[in-house]
Structure formats: structure tokens, C-alpha cells
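Student: What follows is a single structure, and I will ask about it in a moment.
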Amino acid sequence: MPSASPTLKTLLLTCGDPAGIGPEVVLAAWHATDVHARARLRVVAAAGLIEDVLATVPSLPRLRVATVAIDDPRPSTPDTVLLVEPDAPREQVPRGMITAAGGRSAVAALETAFMAIRSAAAAGIVTGPLHKEALHAAGQHVPGHTEWLARACGLPDSAASMMLWLPPAPAARVGAAGLGVVHVTLHESLAHALAHLSTEHIVHAGERLASLLAAMLGRRPRIAVAALNPHGGEGGLFGNEEQRMIAPAVDRLAAGGLDVAGPLPADTLFLKASRGEFDGVVALYHDQGHIPIKLLGMHRAVNITLGLPLVRTSVAHGTAFDIVGTGTADPASMLAAINAAARLVDAGWLGAD
């Protein structure tokens with residue numbers, strides 16, 4: 001194996017719920033990514049799980065497996081998966097099923113990765129997909145990774161924001177930058193989300209989006225804030241949230257030096273953004289941002305956590321229990337998540353910036 005490089009930062013990959021396609025996309029991405037040249041990659045998982053997936057999913061590349069300590073300095077390579085095993089009892093996790101064992105295994109890996117970040121043994125976490133029912137069966141009453149990490153940092157769930165990053169398509173024009181969408185509200189009912197929208201929350205989301213995009217793009221980003229109501233409220237005919245809270249937020253963001261427009265009707269805003277008019281969009285609730293991004297490129301989208309003092313990226317898809325073991329899981333989102341984490345670490349960005 002090549003000699004150690006002291007300049008490389010360590011990125012930890014977790015599989016999410018091991019009963020889903022997480023292990024498969026992690027292993028496929030491990031073999032295909034070029035990030036090995038820029039970071040030390042490690043998979044946080046039980047060796048038995050990884051060996052079983054490699055033995056039973058014929059579409060995966062032939063990979064060797066080696067267990068290492070979290071502070072092992074050796075570089076990673078495409079042909080040997082370097083594992084950091086979670087500090088937890090080993091238990092059998094049936095694949096393709098919702099179980100408490102799957103939830104416990106997912107959390108054990110996440111805890112190990114978080115402790116490595118807290119001790120500065122690693123620089124970032126890239127996570128596979130969780131299943132919320134399995135988490136709850138395991139006694140973890142959190143909506144997902146984002147809120148779990150917020151609580152681990154001693155912060156309320158509301159401290160964290162979710163951003164979806166869509167890298168340029170493989171056939172995109174030269175110079176295409178990609179698109180980022182931050183969500184002011186997240187995993188909650190629509191009624192609850194709308195009741196808690198505020199100018200302050202919109203401003204915070206816009207500032208976080210601008211900070212991340214500046215790190216990703218290496219320049220001042222162009223961002224837009226979506227309207228809440230159809231046609232932007234039609235001057236108050238369809239609601240006054242645009243005048244009452246969203247336009248004041250846009251004014252505050254502009255006064256802070258950001259290149260920002262809005263509020264703009266969401267039905268045309270995302271078309272403009274997809275054509276490169278904006279680098280980022282502030283969406284006001286979950287589906288307003290998720291639906292267009294997933295239509296534009298679900299399998300290459302990346303989930304990035306903002307508002308926490310760490311780098312964490314994730315796939316933007318679910319556990320897909322129905323295709324586990326079939327060899328059809330697409331690793332594009334995991335590849336993009338690894339690349340995004342490496343770019344953010346290289347830029348010295350932290351989620352709380």
C-alpha cells in the first residue's frame with residue numbers, strides 16, 4: 001500500500017441502514033471515486049457486513065477489505081476498503097427489511113464517525129440513507145441524520161438546515177456550476193412549517209446557503225428566494241407572506257452584501273435556476289425544494305447539512321429495500337456526496353459558517 005501522506009484529511013463514509021442499499025452504493029463509489037487522491041477515505045461499518053455484501057452482490061467490484069484504527073495514517077486506494085469498525089456489539093441485520101437491528105447498526109456507525117470528528121481524527125462525514133421506522137424501532141426518536149447530529153452537537157433541531165446540491169450533469173455545458181437549494185423548514189408537517197416561517201429564519205438560511213456556495217464555487221454566488229404563494233401572492237390577493245416576511249428577508253440579505261433576488265414565484269424560479277441564472281435557491285419548505293431538484297437529477301443530488309460545526313454530506317435518496325442485492329443501486333449520489341465533502345474540507349468550510 002502507498003506510504004502515508006500527512007497532508008490528506010480523513011473522510012468517513014457510513015452506510016446508513018445496512019439493510020438498505022447504503023452498503024452497495026458505498027462500495028461501488030469507493031472503487032470509482034477519484035477522491036482517494038485528495039483525502040483518506042474510511043468506511044465505518046462492521047467487517048462482516050461489508051464482506052457479506054461483497055460476496056452476495058455480483059455487480060460490485062472485487063475489493064479487498066482491511067480493518068484499521070481511526071488514526072491509521074495510510075492513504076486509501078480504490079481496490080482495498082479500509083474499515084473502522086463501530087464500538088458496538090455485533091448483531092445480524094437482515095437485509096431488505098425494516099428492523100431495530102438495522103437502526104441500531106446505523107446509529108452505532110454514526111456515533112463512531114461523530115466521535116472521530118469531535119476528536120479531530122476525521123474532517124468530514126459522508127452518510128448513506130437511513131430508514132426512519134428502523135430508527136424509531138431502535139429507540140432513536142429523531143427524524144434523521146440532520147437532527148441526530150444537531151442534538152449530538154448540543155443544539156436544537158432547528159439549528160441545522162438541509163441543502164440539496166445538484167452537481168452539473170455529465171453532459172452539461174462547459175462552465176456549468178451546479179445548483180444548491182437550502183430549506184428554511186425541514187421534516188415537519190406543512191402546517192407546522194408554514195406556522196413557523198419567519199423573516200429571521202429565511203435570512204439565516206440565505207446566509208448559510210451563500211457561505212456554502214462560496215466555498216463550493218470559489219466566488220460570490222447568485223441566489224434567489226422563493227415566494228410562498230402561487231404567482232408570488234399576486235400583490236396580496238393570494239396571501240401577504242411575500243410582503244410581510246419574505247421581501248424584508250431579501251432586503252436584509254442584500255444589505256449584508258449578498259447577490260440576491262426575490263421573492264420569485266417557485267413555478268418559474270426553478271426553471272431559471274436550472275438554466276444557470278442562479279447558483280442557489282432558498283426554498284421555504286421541504287417539497288418546494290425537493291421536488292424540482294429530484295426531477296432535475298435525483299440520482300446525482302447531494303444532501304449537505306448547514307448550521308452545525310462539521311462537514312456532513314449524504315446521498316439524497318432512500319434505503320430502497322426493494323432493490324437490495326439486485327445490483328441495480330446507482331452510486332451516483334454517493335459519488336457526488338464524497339466529492340462535495342472533499343471540496344468543502346479542502347476549502348476549510350464548516351457547516352456553522
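Chain identifiers are assigned as A, B, and so on, following the order in which chains appear in the C-alpha cells; residues are numbered from 1 within each chain, and ligands are numbered from 1 in order of appearance.
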When you look at A:Glu91 with a cut-off of 12 Å (counting only C-alpha atoms), what residues show up, excluding the ones that are within fewer than 4 positions of it in the same chain? I need them as a ChimeraX atom specification.

Tutor: /A:18,46-49,86,99-106,108

Student: With C-alpha atoms retained, write the just-selected residues as a PDB file, in the first residue's frame.

Tutor:
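Saved result, part.pdb, follows:
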```
ATOM      1  CA  PRO A  18     -27.198  -1.614   6.495  1.00  0.00           C
ATOM      2  CA  ALA A  46     -18.690  -3.988  10.659  1.00  0.00           C
ATOM      3  CA  ALA A  47     -16.318  -6.121   8.608  1.00  0.00           C
ATOM      4  CA  GLY A  48     -18.831  -8.970   8.467  1.00  0.00           C
ATOM      5  CA  LEU A  49     -21.443  -6.726   6.870  1.00  0.00           C
ATOM      6  CA  PRO A  86     -18.060   0.803  15.278  1.00  0.00           C
ATOM      7  CA  THR A  99     -35.639  -3.861  11.802  1.00  0.00           C
ATOM      8  CA  ALA A 100     -34.477  -2.416  15.093  1.00  0.00           C
ATOM      9  CA  ALA A 101     -31.119  -4.089  14.434  1.00  0.00           C
ATOM     10  CA  GLY A 102     -30.717  -2.017  11.283  1.00  0.00           C
ATOM     11  CA  GLY A 103     -31.499   1.160  13.202  1.00  0.00           C
ATOM     12  CA  ARG A 104     -29.039   0.289  15.979  1.00  0.00           C
ATOM     13  CA  SER A 105     -26.297  -0.519  13.475  1.00  0.00           C
ATOM     14  CA  ALA A 106     -26.841   2.769  11.626  1.00  0.00           C
ATOM     15  CA  ALA A 108     -23.560   2.927  16.072  1.00  0.00           C
TER      16      ALA A 108
END
```

Student: Using only C-alpha atoms, which protein or nucleic acid residues come within 7 Å of stretch 210-222 of chain A? Drop anything in the same chain fewer than 4 positions from it, and give the result as an MDAnalysis selection string.

Tutor: chainID A and resid 206 259:260 278:280 343:344 347 349 353

Student: Limited to N, CA and C atoms, could you put the picked residues into a file as a tab-separated table (two decimals), in the first residue's frame?

Tutor:
```
chain	number	residue	atom	x	y	z
A	206	GLY	N	-30.56	31.89	3.99
A	206	GLY	CA	-29.88	32.53	2.86
A	206	GLY	C	-28.41	32.74	3.13
A	259	ASP	N	-25.63	38.74	-3.33
A	259	ASP	CA	-26.25	38.91	-4.64
A	259	ASP	C	-27.53	38.09	-4.62
A	260	VAL	N	-28.67	38.73	-4.32
A	260	VAL	CA	-29.90	38.00	-4.04
A	260	VAL	C	-31.08	38.65	-4.75
A	278	PHE	N	-29.31	31.36	-11.56
A	278	PHE	CA	-28.97	31.42	-10.14
A	278	PHE	C	-28.12	30.21	-9.77
A	279	ASP	N	-27.24	30.41	-8.76
A	279	ASP	CA	-26.45	29.30	-8.23
A	279	ASP	C	-27.17	28.59	-7.10
A	280	GLY	N	-28.08	29.31	-6.44
A	280	GLY	CA	-28.76	28.74	-5.29
A	280	GLY	C	-30.14	29.31	-5.10
A	343	ARG	N	-14.46	18.69	-1.36
A	343	ARG	CA	-14.34	20.10	-1.78
A	343	ARG	C	-14.53	21.04	-0.59
A	344	LEU	N	-15.49	20.72	0.27
A	344	LEU	CA	-15.75	21.59	1.41
A	344	LEU	C	-14.60	21.52	2.42
A	347	ALA	N	-11.74	23.49	1.15
A	347	ALA	CA	-11.99	24.93	1.22
A	347	ALA	C	-11.96	25.44	2.66
A	349	TRP	N	-14.28	24.92	4.89
A	349	TRP	CA	-15.62	25.32	5.28
A	349	TRP	C	-16.13	24.47	6.42
A	353	ASP	N	-20.59	28.05	9.47
A	353	ASP	CA	-20.15	29.33	8.94
A	353	ASP	C	-21.35	30.16	8.49
```

Student: For A:Met245, which residue among A:Ile338, A:Ala226, A:Ala138, A:Leu258 is the nearest when counting only C-alpha atoms?

Tutor: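 Closest to A:Met245 of all the choices is A:Ala226.
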
Student: Which residue out of A:Leu308, A:Ala160, A:Leu166, A:Leu350 has the minimum interatomic distance to A:Leu295 when only C-alpha atoms are used?

Tutor: A:Leu166

Student: If you run DSSP over the backbone, which residues in stretch 100-271 of chain A end up strand (DSSP E or B)? Put them as a PyMOL selection string.

Tutor: chain A and resi 124-127+161-166+179-183+222-226+259-264

Student: With distances taken over only C-alpha atoms, which residue among A:Ile117, A:Ala39, A:Ala227, A:Leu130 lies nearest A:His317?

Tutor: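 Looking only at the distances to A:His317, the closest residue turns out to be A:Leu130.
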
Student: Excluding A:Val324 and residues on its chain fewer than 6 positions from it, collect all residues at most 7 Å away from it, counting only C-alpha atoms, and give them as a PyMOL selection string.

Tutor: chain A and resi 20-21+96

Student: Write out the residues from the selection above, keeping C-alpha atoms, as a PDB file, in the first residue's frame.

Tutor:
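File produced: part-v4.pdb:
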```pdb
ATOM      1  CA  GLY A  20     -30.795  -0.988   2.547  1.00  0.00           C
ATOM      2  CA  ILE A  21     -28.687  -0.145  -0.481  1.00  0.00           C
ATOM      3  CA  GLY A  96     -34.097  -5.620   2.716  1.00  0.00           C
TER       4      GLY A  96
END
```

Student: For A:Leu197, list every protein, DNA or RNA residue within 10 Å, evaluated using only C-alpha atoms, and leave out those in the same chain fewer than 5 positions away; present the list as a PyMOL selection string.

Tutor: chain A and resi 184-185+192+202+241+245-246+284-285

Student: Keeping N, CA and C atoms, export the residues of the selection given above as an mmCIF file, in the first residue's frame.

Tutor:
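Printed below is selection-v2.cif as written:
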```cif
data_model
loop_
_atom_site.group_PDB
_atom_site.id
_atom_site.type_symbol
_atom_site.label_atom_id
_atom_site.label_comp_id
_atom_site.auth_asym_id
_atom_site.auth_seq_id
_atom_site.Cartn_x
_atom_site.Cartn_y
_atom_site.Cartn_z
ATOM 1 N N VAL A 184 -35.696 26.341 4.446
ATOM 2 C CA VAL A 184 -35.901 27.091 5.687
ATOM 3 C C VAL A 184 -36.537 26.196 6.739
ATOM 4 N N THR A 185 -37.484 25.350 6.343
ATOM 5 C CA THR A 185 -38.074 24.354 7.237
ATOM 6 C C THR A 185 -37.804 22.981 6.642
ATOM 7 N N HIS A 192 -47.267 22.918 10.177
ATOM 8 C CA HIS A 192 -46.305 23.338 11.205
ATOM 9 C C HIS A 192 -45.205 24.191 10.587
ATOM 10 N N ILE A 202 -35.558 32.885 7.343
ATOM 11 C CA ILE A 202 -35.223 32.997 5.916
ATOM 12 C C ILE A 202 -33.850 33.630 5.741
ATOM 13 N N GLU A 241 -47.700 36.875 2.779
ATOM 14 C CA GLU A 241 -46.403 36.473 3.336
ATOM 15 C C GLU A 241 -45.233 37.070 2.566
ATOM 16 N N MET A 245 -43.053 39.002 5.259
ATOM 17 C CA MET A 245 -41.848 38.386 5.817
ATOM 18 C C MET A 245 -40.756 38.053 4.796
ATOM 19 N N ILE A 246 -41.126 37.728 3.544
ATOM 20 C CA ILE A 246 -40.106 37.254 2.609
ATOM 21 C C ILE A 246 -39.335 38.414 1.989
ATOM 22 N N LEU A 284 -38.787 27.438 0.937
ATOM 23 C CA LEU A 284 -39.406 27.716 2.229
ATOM 24 C C LEU A 284 -39.884 26.466 2.958
ATOM 25 N N TYR A 285 -40.079 25.363 2.237
ATOM 26 C CA TYR A 285 -40.484 24.128 2.898
ATOM 27 C C TYR A 285 -39.976 22.948 2.077
#
```

Student: Which neighbours of A:Ala150 fall inside 12 Å, counting only C-alpha atoms, when residues of the same chain fewer than 6 positions from it are skipped, and could you give them as a VMD selection string?

Tutor: chain A and resid 114 142 to 144 156 to 162 305 to 310 312 351 to 352

Student: Those selected residues, please, written with C-alpha atoms and delivered as a CSV table (one decimal), in the first residue's frame.

Tutor:
```
chain,number,residue,atom,x,y,z
A,114,PHE,CA,-19.2,11.8,15.1
A,142,VAL,CA,-35.2,11.6,15.6
A,143,PRO,CA,-36.3,12.3,12.0
A,144,GLY,CA,-32.9,11.6,10.5
A,156,PRO,CA,-31.8,22.2,18.9
A,157,ASP,CA,-33.1,20.5,15.7
A,158,SER,CA,-33.8,24.0,14.3
A,159,ALA,CA,-30.1,24.9,14.4
A,160,ALA,CA,-29.5,22.7,11.3
A,161,SER,CA,-30.6,23.3,7.7
A,162,MET,CA,-30.7,20.9,4.8
A,305,THR,CA,-26.0,19.8,6.4
A,306,LEU,CA,-25.7,23.5,7.3
A,307,GLY,CA,-25.6,25.2,10.7
A,308,LEU,CA,-23.5,22.6,12.5
A,309,PRO,CA,-19.8,22.8,13.3
A,310,LEU,CA,-18.8,20.0,10.9
A,312,ARG,CA,-21.5,16.3,6.6
A,351,GLY,CA,-21.3,23.9,8.4
A,352,ALA,CA,-21.8,26.6,11.1
```

Student: Have a look at atom CA of A:His183 and atom CA of A:Ala249 and let me know their distance in Å, one decimal.

Tutor: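 Between atom CA of A:His183 and atom CA of A:Ala249 the gap works out to 14.4 Å.
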
Student: According to DSSP computed on the backbone, where in stretch 79-324 of chain A is there alpha helix (DSSP H)? Give the residues as a VMD selection string.

Tutor: chain A and resid 100 to 118 132 to 137 145 to 152 190 to 195 199 to 217 241 247 to 255 266 to 274 286 to 297

Student: Just checking: using only C-alpha atoms, which residue out of A:Val282, A:Ala301, A:Ala177, A:Leu12 ends up closest to A:Leu228?

Tutor: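 Of A:Val282, A:Ala301, A:Ala177, A:Leu12, the one nearest A:Leu228 is A:Val282, counting only C-alpha atoms.
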
Student: Just want the 9 Å neighbourhood of A:Ala29, counted on only C-alpha atoms, with same-chain residues fewer than 3 positions away dropped. Output as a PyMOL selection string.

Tutor: chain A and resi 24-26+32-33+331-332+334-335+338

Student: List the neighbours of stretch 264-271 of chain A out to 7 Å using only C-alpha atoms; skip same-chain residues closer than 6 positions along the sequence, and give me the result as a list of chain:residue names.

Tutor: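 The filter keeps A:Val225, A:Ala226, A:Ala227, A:Pro230, A:His231, A:Gly232, A:Pro292.
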